[in-house]
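In what follows, a structure is listed as structure tokens, so that the remarks can point back to it.
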Protein chains: 2
Amino acid sequence: MRGVVFEGPHDVRVETVPDAGLLGPEDAVVRVTLAGVCGSDLHIYHHGDGLGIGPGSRVGHEFVGIVEEVGEAVRAVAPGDRVLAPFWFSCGRCPFCREELFTSCLVGGCFGFQNIWTAGGPVEGAQSERVRVPYADGTLERIPEALAAPEHDARVLPLGDVLSTALHALSGARPVPGDVILVQGDGAVGLLACHAATLFGPSAVVLAGHHADRLALGRRLGATHAVDTRDRPDALAPLLADLTDGLGPQVVVCAVASPASMRAAYEAVRPGGRIGWVGMEVFSGPPDIPWDVAFLKNVTLTGGVCPSRRYIHRLWPLLERGVIDPSPVFTHTVGLDDVPAAYAAMAAREPGWVKVAVRP
Amino acid sequence: MRGVVFEGPHDVRVETVPDAGLLGPEDAVVRVTLAGVCGSDLHIYHHGDGLGIGPGSRVGHEFVGIVEEVGEAVRAVAPGDRVLAPFWFSCGRCPFCREELFTSCLVGGCFGFQNIWTAGGPVEGAQSERVRVPYADGTLERIPEALAAPEHDARVLPLGDVLSTALHALSGARPVPGDVILVQGDGAVGLLACHAATLFGPSAVVLAGHHADRLALGRRLGATHAVDTRDRPDALAPLLADLTDGLGPQVVVCAVASPASMRAAYEAVRPGGRIGWVGMEVFSGPPDIPWDVAFLKNVTLTGGVCPSRRYIHRLWPLLERGVIDPSPVFTHTVGLDDVPAAYAAMAAREPGWVKVAVRP
């Protein structure tokens, strides 16, 4: 079969790879109907070697598809089922799975990241024709009937990573109705944080980003205000002051977590406020946190890698009812052959390219 | 009147200072019956100039006493009342006071720290005969009848800072019954964190410190286990593993917050766990946080300067019923004249000296 392989910085290729197959009784094999290219794939693309991911690594961790085969112990899904995979596979029964912290599953791991974060044996990347899913019962979510059709794939797929990641940042930061929520970063997670923020009844959702097209998309998805902080670096603070009587937003979603953005989050947040961080820039360098500010303001910092499976089943009804629709983050859909070009366009932040869906 | 004055690093003196008096209609003047010497006083003692606190600054922020005079707008306390002051004075009516985040009061400040943290005009340090209390209604807590006698002062006084600070670290970290709680640091706050931890129904409270006498006191106050991590640096990890099936404590109280202790907290805490930090070592240097660990474990970091007044009124019944008794942290009681020697003994970590009460 064919799949996308990381061969070195700025070099991903579509190659013939071993066919996905059952390796154990708890496995399933899923034929991918739609996969995603994620910001963390770009992180590999830029820094792969630094992350311990070497040439030959299979990439991609977002996918929906149809179950083709299941091992003899699998009970929750069956061949023919349309399923969504969270980006992290998990056994479903260890102490961490029991409390829905699936990303800390004692035997779990991340699709397309297995070189650094798991000891789970060969796991296919999602940007391929088929994927072996370890611990299928503890990992896969069957897509509800109303959404189980190809035309819904682009709405369903973001629940497996970017939408749930956005919701994870928010959930930890516990907004209450009437709060002002600042979202830093206009990538897919930041944009969907604006979308997910609407579920908490905020009085305002302020998106801070660097790209006019993305900021416009953020407004469409739920931001009440959007500021280009590269073009107008001095515009954000007075807007936040105006919206909060000078006290600052109660919640900040840090979808970037660069050194500077984390400092900005601490400086912006209201005393007693909460910062939810899910950005991966910390892997490129530690955040520049003003600790005296953190201490005197009593800021809570929460977040981390998202246990998406905690959120997927809670989101189905909202997706079915049309309360949420994350599909606008996909600006492009390509076949496998065009994935290398899509990585390049996303990495270059080409205007109009936010996130790419892959139809293998 | 007489009071303790910081004159430079390692130099505090008892001097004749201006009499405390009413400056405004919301003020009260309190005659101090018992004051405390706090770890943060030692911070000034060591680093005063670096904190922006210059020679001539009045010090001390923990006190109980008797109201002598009140301004015409004061309603909640009257002359003759025995009162406890939280270490931070607060107006009681601004947006932050309304949500009990008194340390972010828009016009509040810290007794004995006014040079850096408030714009509230001259505020006496607590280590003196009398103290002017700004915003008396929003600051002072009247001591309940059953505790309003000199013999209870040493039980009452820690509620104004060190016990409430310990409780603040814990409250933010939200232990639930059955959790294992690790307390880092065997100063007064760490010892009282062991004491306060017992209120949350933990399965174990592990105290990590450096002083045999303090560790023993920690056991007396509520720790189920105590480890001297200087003498036995390798003993803590296996103990925690044994108590938690290898998963780590759910809650860590970081009462030191030195670079190394904060790293140790992140390394020790269970995935999904919470770190409550109240240590002031961050003012001496940023904590050395392993951000990859923080991200992958989904650690929540909470804490900061304690809004003690949030906790005092909740603790009265527990103190009255004898459920808690923080007075054992006071290893010595001295008069004003002996305060400089007490600072020196505490700063030198002399065996047997944990915390000093001052009877002016």
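All residue names refer to the structure tokens as shown: chains lettered A, B, ... in order, residues numbered from 1 in each chain, ligands numbered from 1 in order.
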query = as an MDAnalysis selection string, which residues of segment 64-297 of chain B does DSSP assign to alpha helix (DSSP H)?
reply = chainID B and resid 95:98 114:117 136:139 153:156 162:173 188:197 212:221 236:243 259:268 291:297
task = Report as a ChimeraX atom specification the set of chain A residues whose atoms approach chain B to within 6 Å, with distances computed over only C-alpha atoms.
result = /A:295-296,298,300-305
Spatial neighbours of segment 176-180 of chain B, max dist 12 Å, only C-alpha atoms, sep filter under 6 positions, as a CSV table (one decimal) with C-alpha atoms, in the first residue's frame:
chain,number,residue,atom,x,y,z
B,170,LEU,CA,-3.8,22.5,48.3
B,194,CYS,CA,0.9,18.4,55.9
B,197,ALA,CA,-3.6,18.0,53.7
B,198,THR,CA,-5.3,15.9,56.4
B,199,LEU,CA,-8.6,17.8,55.7
B,200,PHE,CA,-8.8,16.3,52.2
B,201,GLY,CA,-8.8,12.7,53.2
B,202,PRO,CA,-5.6,11.6,51.6
B,203,SER,CA,-4.3,8.1,51.6
B,204,ALA,CA,-0.8,9.3,52.4
B,205,VAL,CA,0.9,12.6,53.0
B,206,VAL,CA,4.6,12.5,52.2
B,207,LEU,CA,6.9,15.3,53.5
B,223,ALA,CA,2.5,13.7,57.4
B,224,THR,CA,2.2,9.9,57.2
B,225,HIS,CA,5.8,9.7,55.8
B,239,LEU,CA,8.6,5.5,48.5
B,240,LEU,CA,6.2,7.4,46.2
B,241,ALA,CA,6.3,4.5,43.7
B,242,ASP,CA,5.3,2.1,46.5
B,243,LEU,CA,2.5,4.3,47.7
B,244,THR,CA,1.1,4.9,44.2
B,245,ASP,CA,1.6,1.7,42.3
B,246,GLY,CA,4.3,3.5,40.4
B,247,LEU,CA,2.0,6.2,39.1
B,248,GLY,CA,3.1,9.1,41.2
B,249,PRO,CA,1.2,11.4,43.7
B,250,GLN,CA,-1.9,13.1,42.4
B,251,VAL,CA,-1.0,16.4,44.2
B,252,VAL,CA,2.3,18.0,45.0
B,253,VAL,CA,2.6,21.1,47.2
B,268,ALA,CA,7.2,13.2,40.6
B,269,VAL,CA,3.6,14.1,39.9
B,270,ARG,CA,1.3,11.6,38.3
B,273,GLY,CA,-1.8,15.6,38.5
B,274,ARG,CA,-1.8,19.1,40.0
query = Can you tell me, as a PyMOL selection string, what residues are no more than 9 Å from Leu84 of chain A when counting only C-alpha atoms, ignoring any on the same chain fewer than 2 positions away?
reply = chain A and resi 62-66+82+86+139-143+156-157+159-160+312
ask   = Which of segment 252-306 of chain B counts as strand (DSSP E) under DSSP, as a PyMOL selection string please?
value = chain B and resi 252-254+274-277+300-303
